[in-house]
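Engineer: Take a look at this one; I'll ask things after.
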Amino acid sequence: MDTRYLQSFVTVVESGSFAQAARRLDLTPTAVAARIKALEDALGLSLIKRAGRSVRPTEAGMRILDRARALLRDARDLAALAENDDAMGELRLGVFVSAMTSVLPPVLRRVYERHPSLSVFVTPGASVDLCHRVGAGELDAAIVVEPQFAIGKTVRWQAVMEEPLVVVAPAGMEGRDPHELLRTQPFIRYDRSVLGGQLADRYLRDHRIVPRQRLEMDSLLGVAALVDQGLGVALLPDWSSLWSSRYALTRIPLPGRAPVRRVGLVWQSPGARASLAETLLEDARTVFSRPPRRRAPHGD
């Protein structure tokens, strides 16, 4: 069976249309449709059905989808091994959005210094979704914020770094009392649907602080940009990208022991690429020198 037909099938399913799949594959929609028809003829099954302007897999298509993805990945690994005796295959890695610019680049730099032949396919997404995709076998591993739910007995979690909550304020407020700022200044809230926002909300309630909320949003850099414009203060994880030179901000630590957002790696411990994931974990821990507190993995 021609793996190009499988690739076209998977791409059509992921894209939801022949036109979008054709753009991704650098083919014409007619050529993509012809490949799907050839695959259907070879299997004796109908794999794709139209739903209005989009397409979706049939029940038979859904049954073979995961296996098709696995076969394509195995084919890529074989090609890499044939080209280079030292090749390690391909690691399908999920990364939560804000880590794409802060965590991933220095970790990959370290990885490629040690393993230049490694191939990595990176998928961005929300931490919760990425954890589920690792559990389903769609991804080998993912860099995520610590899951707050059971992630399955075959999935492991290890922390790489910790980001304590801090008050983020305009630079001119340096040295001010953090609780006083949270009580008196307009407050820009980090979205309570994500862990960092939940930690901040719990901290405010535990300390009986009722902020003067101005707005709420799900973007650390977006919140930082608003604070930079003097629109308020925020209570955020101490994320390294907040302190870039483009923002005139000050970091004000909370008194006592601050809540922390943990960032780490989830991976399939019995998976074929568990050793690659553990290599990534080792390199990430080398890059981030602040050692995290170890916790038992959820679901183990």
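Labels for the structure tokens follow display order: chains A, B, ..., residues from 1 in each chain, ligands from 1.
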Write out as a list of chain:residue names each polymer residue whose atoms come within 10 Å of Thr279 of chain A, counting only C-alpha atoms; drop sequence neighbours fewer than 6 positions from it.

Structural biologist: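 The residues satisfying every condition are A:Val111, A:Arg114, A:His115, A:Arg273.
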
Engineer: With a distance cut-off of 12 Å and only C-alpha atoms, select the neighbouring residues of Glu14 of chain A, excluding the residue or stretch itself and same-chain residues fewer than 6 positions from it, and output the selection as a list in words.

Structural biologist: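 Here the answer would be Gln7, Ser8, Gln20, Ala21, Ala22, Arg24, Ile48, Ser54, Val55, Arg56, Pro57, Met62, Leu65, Asp66 and Arg69 of chain A.
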
Engineer: Output N, CA, C and O atoms for every residue in that selection, as a PDB file, in the first residue's frame.

Structural biologist:
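Below is the file that was written, result-v2.pdb:
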ATOM      1  N   GLN A   7      -1.307   9.105   3.922  1.00  0.00           N
ATOM      2  CA  GLN A   7      -1.041  10.481   4.327  1.00  0.00           C
ATOM      3  C   GLN A   7      -2.152  11.406   3.855  1.00  0.00           C
ATOM      4  O   GLN A   7      -2.589  12.307   4.583  1.00  0.00           O
ATOM      5  N   SER A   8      -2.625  11.193   2.636  1.00  0.00           N
ATOM      6  CA  SER A   8      -3.715  12.025   2.119  1.00  0.00           C
ATOM      7  C   SER A   8      -4.987  11.811   2.936  1.00  0.00           C
ATOM      8  O   SER A   8      -5.696  12.780   3.270  1.00  0.00           O
ATOM      9  N   GLN A  20      -8.286  22.230   1.833  1.00  0.00           N
ATOM     10  CA  GLN A  20      -7.268  22.519   2.844  1.00  0.00           C
ATOM     11  C   GLN A  20      -6.203  21.437   2.863  1.00  0.00           C
ATOM     12  O   GLN A  20      -5.004  21.722   2.989  1.00  0.00           O
ATOM     13  N   ALA A  21      -6.613  20.176   2.723  1.00  0.00           N
ATOM     14  CA  ALA A  21      -5.630  19.088   2.668  1.00  0.00           C
ATOM     15  C   ALA A  21      -4.712  19.248   1.468  1.00  0.00           C
ATOM     16  O   ALA A  21      -3.499  19.005   1.555  1.00  0.00           O
ATOM     17  N   ALA A  22      -5.271  19.662   0.334  1.00  0.00           N
ATOM     18  CA  ALA A  22      -4.456  19.859  -0.868  1.00  0.00           C
ATOM     19  C   ALA A  22      -3.405  20.931  -0.651  1.00  0.00           C
ATOM     20  O   ALA A  22      -2.255  20.793  -1.088  1.00  0.00           O
ATOM     21  N   ARG A  24      -2.037  21.761   2.221  1.00  0.00           N
ATOM     22  CA  ARG A  24      -1.022  21.226   3.127  1.00  0.00           C
ATOM     23  C   ARG A  24      -0.096  20.231   2.430  1.00  0.00           C
ATOM     24  O   ARG A  24       1.093  20.146   2.741  1.00  0.00           O
ATOM     25  N   ILE A  48     -14.378   8.313   3.604  1.00  0.00           N
ATOM     26  CA  ILE A  48     -14.682   9.736   3.736  1.00  0.00           C
ATOM     27  C   ILE A  48     -16.094   9.997   3.257  1.00  0.00           C
ATOM     28  O   ILE A  48     -16.530   9.445   2.244  1.00  0.00           O
ATOM     29  N   SER A  54     -17.856  20.544   4.264  1.00  0.00           N
ATOM     30  CA  SER A  54     -16.705  19.854   4.849  1.00  0.00           C
ATOM     31  C   SER A  54     -16.827  18.354   4.621  1.00  0.00           C
ATOM     32  O   SER A  54     -17.827  17.874   4.087  1.00  0.00           O
ATOM     33  N   VAL A  55     -15.787  17.641   5.008  1.00  0.00           N
ATOM     34  CA  VAL A  55     -15.807  16.181   4.919  1.00  0.00           C
ATOM     35  C   VAL A  55     -15.416  15.615   6.278  1.00  0.00           C
ATOM     36  O   VAL A  55     -14.755  16.290   7.081  1.00  0.00           O
ATOM     37  N   ARG A  56     -15.807  14.398   6.521  1.00  0.00           N
ATOM     38  CA  ARG A  56     -15.454  13.744   7.779  1.00  0.00           C
ATOM     39  C   ARG A  56     -15.326  12.242   7.527  1.00  0.00           C
ATOM     40  O   ARG A  56     -15.852  11.722   6.533  1.00  0.00           O
ATOM     41  N   PRO A  57     -14.643  11.540   8.408  1.00  0.00           N
ATOM     42  CA  PRO A  57     -14.463  10.103   8.186  1.00  0.00           C
ATOM     43  C   PRO A  57     -15.746   9.329   8.439  1.00  0.00           C
ATOM     44  O   PRO A  57     -16.567   9.697   9.287  1.00  0.00           O
ATOM     45  N   MET A  62     -12.902   6.099  10.752  1.00  0.00           N
ATOM     46  CA  MET A  62     -12.509   6.325  12.143  1.00  0.00           C
ATOM     47  C   MET A  62     -11.785   5.111  12.708  1.00  0.00           C
ATOM     48  O   MET A  62     -10.843   5.244  13.493  1.00  0.00           O
ATOM     49  N   LEU A  65      -8.155   5.229  11.468  1.00  0.00           N
ATOM     50  CA  LEU A  65      -7.427   6.494  11.544  1.00  0.00           C
ATOM     51  C   LEU A  65      -6.179   6.402  12.420  1.00  0.00           C
ATOM     52  O   LEU A  65      -5.080   6.793  12.009  1.00  0.00           O
ATOM     53  N   ASP A  66      -6.331   5.914  13.647  1.00  0.00           N
ATOM     54  CA  ASP A  66      -5.183   5.848  14.550  1.00  0.00           C
ATOM     55  C   ASP A  66      -4.103   4.921  14.007  1.00  0.00           C
ATOM     56  O   ASP A  66      -2.903   5.214  14.110  1.00  0.00           O
ATOM     57  N   ARG A  69      -2.193   6.678  11.269  1.00  0.00           N
ATOM     58  CA  ARG A  69      -1.204   7.609  11.823  1.00  0.00           C
ATOM     59  C   ARG A  69       0.033   6.857  12.313  1.00  0.00           C
ATOM     60  O   ARG A  69       1.170   7.299  12.102  1.00  0.00           O
TER      61      ARG A  69
END

Engineer: Within 12 Å of Leu43 of chain A, counting only C-alpha atoms, which residues show up once you throw out same-chain ones fewer than 4 positions away? Write them as a ChimeraX atom specification, please.

Structural biologist: /A:1,5-6,36-39,47,60-61,64

Engineer: Kindly save the residues from that selection, with N, CA, C and O atoms included, as an mmCIF file, in the first residue's frame.

Structural biologist:
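Contents of the output file out_36.cif:
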data_model
loop_
_atom_site.group_PDB
_atom_site.id
_atom_site.type_symbol
_atom_site.label_atom_id
_atom_site.label_comp_id
_atom_site.auth_asym_id
_atom_site.auth_seq_id
_atom_site.Cartn_x
_atom_site.Cartn_y
_atom_site.Cartn_z
ATOM 1 N N MET A 1 0.842 -1.201 0.000
ATOM 2 C CA MET A 1 0.000 0.000 0.000
ATOM 3 C C MET A 1 0.877 1.252 0.000
ATOM 4 O O MET A 1 1.836 1.337 0.769
ATOM 5 N N TYR A 5 -1.087 7.508 0.025
ATOM 6 C CA TYR A 5 -2.540 7.455 0.100
ATOM 7 C C TYR A 5 -2.996 7.589 1.555
ATOM 8 O O TYR A 5 -3.974 8.288 1.859
ATOM 9 N N LEU A 6 -2.279 6.915 2.454
ATOM 10 C CA LEU A 6 -2.606 7.032 3.883
ATOM 11 C C LEU A 6 -2.400 8.467 4.365
ATOM 12 O O LEU A 6 -3.206 9.000 5.135
ATOM 13 N N ILE A 36 -7.482 9.285 -2.209
ATOM 14 C CA ILE A 36 -8.468 8.716 -1.276
ATOM 15 C C ILE A 36 -9.263 7.607 -1.957
ATOM 16 O O ILE A 36 -9.504 6.539 -1.379
ATOM 17 N N LYS A 37 -9.656 7.842 -3.222
ATOM 18 C CA LYS A 37 -10.416 6.825 -3.962
ATOM 19 C C LYS A 37 -9.578 5.561 -4.150
ATOM 20 O O LYS A 37 -10.088 4.427 -3.991
ATOM 21 N N ALA A 38 -8.283 5.729 -4.440
ATOM 22 C CA ALA A 38 -7.414 4.564 -4.605
ATOM 23 C C ALA A 38 -7.292 3.777 -3.302
ATOM 24 O O ALA A 38 -7.286 2.542 -3.299
ATOM 25 N N LEU A 39 -7.206 4.492 -2.175
ATOM 26 C CA LEU A 39 -7.120 3.822 -0.879
ATOM 27 C C LEU A 39 -8.418 3.088 -0.572
ATOM 28 O O LEU A 39 -8.406 1.946 -0.088
ATOM 29 N N LEU A 47 -14.211 5.554 3.188
ATOM 30 C CA LEU A 47 -13.494 6.151 4.311
ATOM 31 C C LEU A 47 -13.888 7.599 4.608
ATOM 32 O O LEU A 47 -13.723 8.061 5.734
ATOM 33 N N ALA A 60 -15.872 3.397 9.230
ATOM 34 C CA ALA A 60 -14.691 2.617 8.837
ATOM 35 C C ALA A 60 -13.442 3.494 8.843
ATOM 36 O O ALA A 60 -12.365 3.055 9.263
ATOM 37 N N GLY A 61 -13.595 4.744 8.397
ATOM 38 C CA GLY A 61 -12.456 5.665 8.412
ATOM 39 C C GLY A 61 -11.963 5.936 9.820
ATOM 40 O O GLY A 61 -10.756 5.988 10.077
ATOM 41 N N ILE A 64 -9.790 3.053 11.216
ATOM 42 C CA ILE A 64 -8.411 2.893 10.742
ATOM 43 C C ILE A 64 -7.550 4.130 10.974
ATOM 44 O O ILE A 64 -6.348 4.097 10.725
#

Engineer: Would you pick out the contacts of Arg4 of chain A at 9 Å or less, using only C-alpha atoms, so that residues sharing its chain but fewer than 5 positions from it are not included, and give the list as an MDAnalysis selection string?

Structural biologist: chainID A and resid 9 35 72

Engineer: Nearest residue to Ser117 of chain A out of A:Leu221, A:Ser46, A:Leu91, A:Gly172, using only C-alpha atoms?

Structural biologist: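 Checking each of A:Leu221, A:Ser46, A:Leu91, A:Gly172 against Ser117 of chain A, counting only C-alpha atoms, the winner is A:Leu91.
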
Engineer: I'd like the contact shell of Ile209 of chain A - 8 Å cut-off, only C-alpha atoms, skipping same-chain residues fewer than 5 positions apart - returned as a PyMOL selection string.

Structural biologist: chain A and resi 179+182-183+204

Engineer: Save the residues we just selected, all heavy atoms, as an mmCIF file, in the first residue's frame?

Structural biologist:
data_model
loop_
_atom_site.group_PDB
_atom_site.id
_atom_site.type_symbol
_atom_site.label_atom_id
_atom_site.label_comp_id
_atom_site.auth_asym_id
_atom_site.auth_seq_id
_atom_site.Cartn_x
_atom_site.Cartn_y
_atom_site.Cartn_z
ATOM 1 N N HIS A 179 -0.049 43.102 48.556
ATOM 2 C CA HIS A 179 -1.458 42.999 48.908
ATOM 3 C C HIS A 179 -2.162 44.340 48.777
ATOM 4 O O HIS A 179 -3.327 44.415 48.353
ATOM 5 C CB HIS A 179 -1.614 42.451 50.326
ATOM 6 C CG HIS A 179 -1.364 40.980 50.416
ATOM 7 N ND1 HIS A 179 -1.576 40.246 51.569
ATOM 8 C CD2 HIS A 179 -0.928 40.077 49.494
ATOM 9 C CE1 HIS A 179 -1.268 38.974 51.354
ATOM 10 N NE2 HIS A 179 -0.867 38.856 50.102
ATOM 11 N N LEU A 182 -2.969 44.820 45.145
ATOM 12 C CA LEU A 182 -4.076 43.979 44.698
ATOM 13 C C LEU A 182 -5.419 44.498 45.190
ATOM 14 O O LEU A 182 -6.450 44.304 44.538
ATOM 15 C CB LEU A 182 -3.863 42.540 45.187
ATOM 16 C CG LEU A 182 -2.693 41.781 44.554
ATOM 17 C CD1 LEU A 182 -2.465 40.459 45.264
ATOM 18 C CD2 LEU A 182 -2.938 41.550 43.063
ATOM 19 N N ARG A 183 -5.424 45.170 46.339
ATOM 20 C CA ARG A 183 -6.674 45.696 46.891
ATOM 21 C C ARG A 183 -7.064 47.038 46.283
ATOM 22 O O ARG A 183 -8.255 47.331 46.144
ATOM 23 C CB ARG A 183 -6.558 45.859 48.412
ATOM 24 C CG ARG A 183 -6.575 44.548 49.186
ATOM 25 C CD ARG A 183 -6.708 44.800 50.679
ATOM 26 N NE ARG A 183 -6.875 43.545 51.416
ATOM 27 C CZ ARG A 183 -5.884 42.906 52.025
ATOM 28 N NH1 ARG A 183 -4.645 43.418 52.005
ATOM 29 N NH2 ARG A 183 -6.110 41.765 52.650
ATOM 30 N N LEU A 204 -6.342 34.943 46.197
ATOM 31 C CA LEU A 204 -7.088 36.149 46.562
ATOM 32 C C LEU A 204 -8.178 35.819 47.577
ATOM 33 O O LEU A 204 -8.370 36.546 48.564
ATOM 34 C CB LEU A 204 -7.695 36.779 45.313
ATOM 35 C CG LEU A 204 -6.700 37.356 44.294
ATOM 36 C CD1 LEU A 204 -7.416 37.732 43.000
ATOM 37 C CD2 LEU A 204 -5.974 38.569 44.868
#

Engineer: Would you pick out the contacts of Leu139 of chain A at 10 Å or less, using only C-alpha atoms, so that residues sharing its chain but fewer than 2 positions from it are not included, and give the list as a count of residues only?

Structural biologist: 21

Engineer: Would you please work out which residue, of A:Arg73, A:Arg189, A:Arg251, A:Arg53, is nearest to Asp201 of chain A when using only C-alpha atoms?

Structural biologist: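 Of all the options, A:Arg189 lies closest to Asp201 of chain A.
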
Engineer: When DSSP is applied to the backbone of this structure, which of segment 34-181 of chain A are assigned alpha helix (DSSP H)? Write them out as a PyMOL selection string.

Structural biologist: chain A and resi 34-43+59-83+99-102+104-114+127-135+178-181

Engineer: Generate a file of the selected residues that holds C-alpha atoms, formatted as a compact mmCIF listing (two decimals), in the first residue's frame.

Structural biologist:
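For reference, result-v7.txt as written:
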# COMPACT_ATOMS: atom_id res chain seq x y z
CA ALA A 34 -7.90 10.43 -6.42
CA ARG A 35 -5.57 9.17 -3.69
CA ILE A 36 -8.47 8.72 -1.28
CA LYS A 37 -10.42 6.82 -3.96
CA ALA A 38 -7.41 4.56 -4.60
CA LEU A 39 -7.12 3.82 -0.88
CA GLU A 40 -10.84 3.09 -0.61
CA ASP A 41 -10.63 0.74 -3.61
CA ALA A 42 -7.63 -1.07 -2.10
CA LEU A 43 -9.41 -1.58 1.22
CA GLU A 59 -17.18 4.75 10.78
CA ALA A 60 -14.69 2.62 8.84
CA GLY A 61 -12.46 5.67 8.41
CA MET A 62 -12.51 6.33 12.14
CA ARG A 63 -11.58 2.70 12.84
CA ILE A 64 -8.41 2.89 10.74
CA LEU A 65 -7.43 6.49 11.54
CA ASP A 66 -5.18 5.85 14.55
CA ARG A 67 -3.55 2.88 12.86
CA ALA A 68 -2.93 4.94 9.73
CA ARG A 69 -1.20 7.61 11.82
CA ALA A 70 0.93 4.95 13.50
CA LEU A 71 1.92 3.42 10.14
CA LEU A 72 2.92 6.82 8.78
CA ARG A 73 5.04 7.50 11.85
CA ASP A 74 6.71 4.10 11.56
CA ALA A 75 7.43 4.80 7.90
CA ARG A 76 9.09 8.12 8.81
CA ASP A 77 11.16 6.38 11.46
CA LEU A 78 12.30 3.72 8.97
CA ALA A 79 13.33 6.38 6.49
CA ALA A 80 15.31 8.22 9.15
CA LEU A 81 17.06 5.05 10.25
CA ALA A 82 17.91 4.14 6.66
CA GLU A 83 19.52 7.54 6.11
CA ALA A 99 5.76 27.40 26.35
CA MET A 100 6.31 27.55 22.57
CA THR A 101 8.51 30.64 22.99
CA SER A 102 9.82 30.27 26.54
CA LEU A 104 10.65 24.80 23.92
CA PRO A 105 13.50 26.74 22.21
CA PRO A 106 16.18 26.34 24.93
CA VAL A 107 15.18 22.71 25.52
CA LEU A 108 15.40 21.84 21.83
CA ARG A 109 18.74 23.59 21.56
CA ARG A 110 20.07 21.35 24.31
CA VAL A 111 18.46 18.25 22.74
CA TYR A 112 19.98 18.89 19.31
CA GLU A 113 23.41 19.55 20.77
CA ARG A 114 23.35 15.97 22.06
CA SER A 127 -2.43 21.56 28.34
CA VAL A 128 -5.64 19.62 29.09
CA ASP A 129 -6.12 18.63 25.46
CA LEU A 130 -2.46 17.69 25.05
CA CYS A 131 -2.61 15.41 28.10
CA HIS A 132 -5.61 13.61 26.64
CA ARG A 133 -3.84 13.22 23.28
CA VAL A 134 -0.81 11.67 25.00
CA GLY A 135 -3.14 9.30 26.83
CA PRO A 178 1.79 43.43 46.96
CA HIS A 179 -1.46 43.00 48.91
CA GLU A 180 -2.06 46.73 48.98
CA LEU A 181 -1.65 46.87 45.19

Engineer: Residues at most 9 Å from Leu236 of chain A, counting only C-alpha atoms, excluding those fewer than 2 positions away in the same chain, as a list in words?

Structural biologist: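 Counting only the stated atoms, we get Glu163, Pro164, Leu165, Val166, Val167, Val168, Arg189, Tyr190, Gly196, Gly197, Leu199, Ala200, Leu220, Val223, Ala234, Asp238 and Trp239 of chain A.
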
Engineer: Kindly export the residues of the current selection with C-alpha atoms, as an mmCIF file, in the first residue's frame.

Structural biologist:
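File again17.cif, as written:
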data_model
loop_
_atom_site.group_PDB
_atom_site.id
_atom_site.type_symbol
_atom_site.label_atom_id
_atom_site.label_comp_id
_atom_site.auth_asym_id
_atom_site.auth_seq_id
_atom_site.Cartn_x
_atom_site.Cartn_y
_atom_site.Cartn_z
ATOM 1 C CA GLU A 163 6.700 29.446 38.476
ATOM 2 C CA PRO A 164 5.553 31.059 41.744
ATOM 3 C CA LEU A 165 2.753 33.604 41.585
ATOM 4 C CA VAL A 166 3.948 37.221 41.698
ATOM 5 C CA VAL A 167 2.276 40.593 41.456
ATOM 6 C CA VAL A 168 3.070 42.137 38.073
ATOM 7 C CA ARG A 189 -7.253 38.931 35.918
ATOM 8 C CA TYR A 190 -5.637 35.891 34.301
ATOM 9 C CA GLY A 196 -2.520 29.868 36.650
ATOM 10 C CA GLY A 197 -5.737 31.876 36.875
ATOM 11 C CA LEU A 199 -4.220 29.571 41.565
ATOM 12 C CA ALA A 200 -4.455 33.368 41.586
ATOM 13 C CA LEU A 220 -0.064 36.025 29.840
ATOM 14 C CA VAL A 223 -2.036 40.788 30.459
ATOM 15 C CA ALA A 234 -2.018 41.369 37.808
ATOM 16 C CA ASP A 238 6.541 34.167 37.214
ATOM 17 C CA TRP A 239 6.912 33.364 33.505
#

Engineer: Between atom CA of Gly125 of chain A and atom CA of Ile143 of chain A, measure the distance and give it in Å to one decimal.

Structural biologist: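 Result for atom CA of Gly125 of chain A versus atom CA of Ile143 of chain A: 10.0 Å, one decimal.
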
Engineer: Identify which of the residues A:Ala19, A:Asp2, A:Met217, A:Leu195 lies closest to Phe149 of chain A, counting only C-alpha atoms when measuring atom-to-atom distances.

Structural biologist: A:Leu195

Engineer: Restricting the calculation to only C-alpha atoms, which member of A:Ala224, A:Ile252, A:Ala284, A:Leu242 is positioned closest to Met173 of chain A?

Structural biologist: A:Ile252

Engineer: Could you please write out, as a VMD selection string, every residue of segment 127-225 of chain A that DSSP assigns to strand (DSSP E or B)?

Structural biologist: chain A and resid 141 to 145 155 to 170 186 to 190 212 to 217

Engineer: Which one of A:Asp177, A:Val263, A:Met161, A:Val210 sits closest to Thr286 of chain A if you count only C-alpha atoms?

Structural biologist: A:Met161

Engineer: When you count only C-alpha atoms, which of these residues is closest to Ser269 of chain A: A:Gln158, A:Ser119, A:Thr250, A:Ser240?

Structural biologist: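 Nearest candidate to Ser269 of chain A out of A:Gln158, A:Ser119, A:Thr250, A:Ser240: A:Gln158.
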
Engineer: What gap, in Å, lies between atom CA of Asp218 of chain A and atom CA of Phe187 of chain A?

Structural biologist: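 Calculated distance between atom CA of Asp218 of chain A and atom CA of Phe187 of chain A is 14.2 Å.
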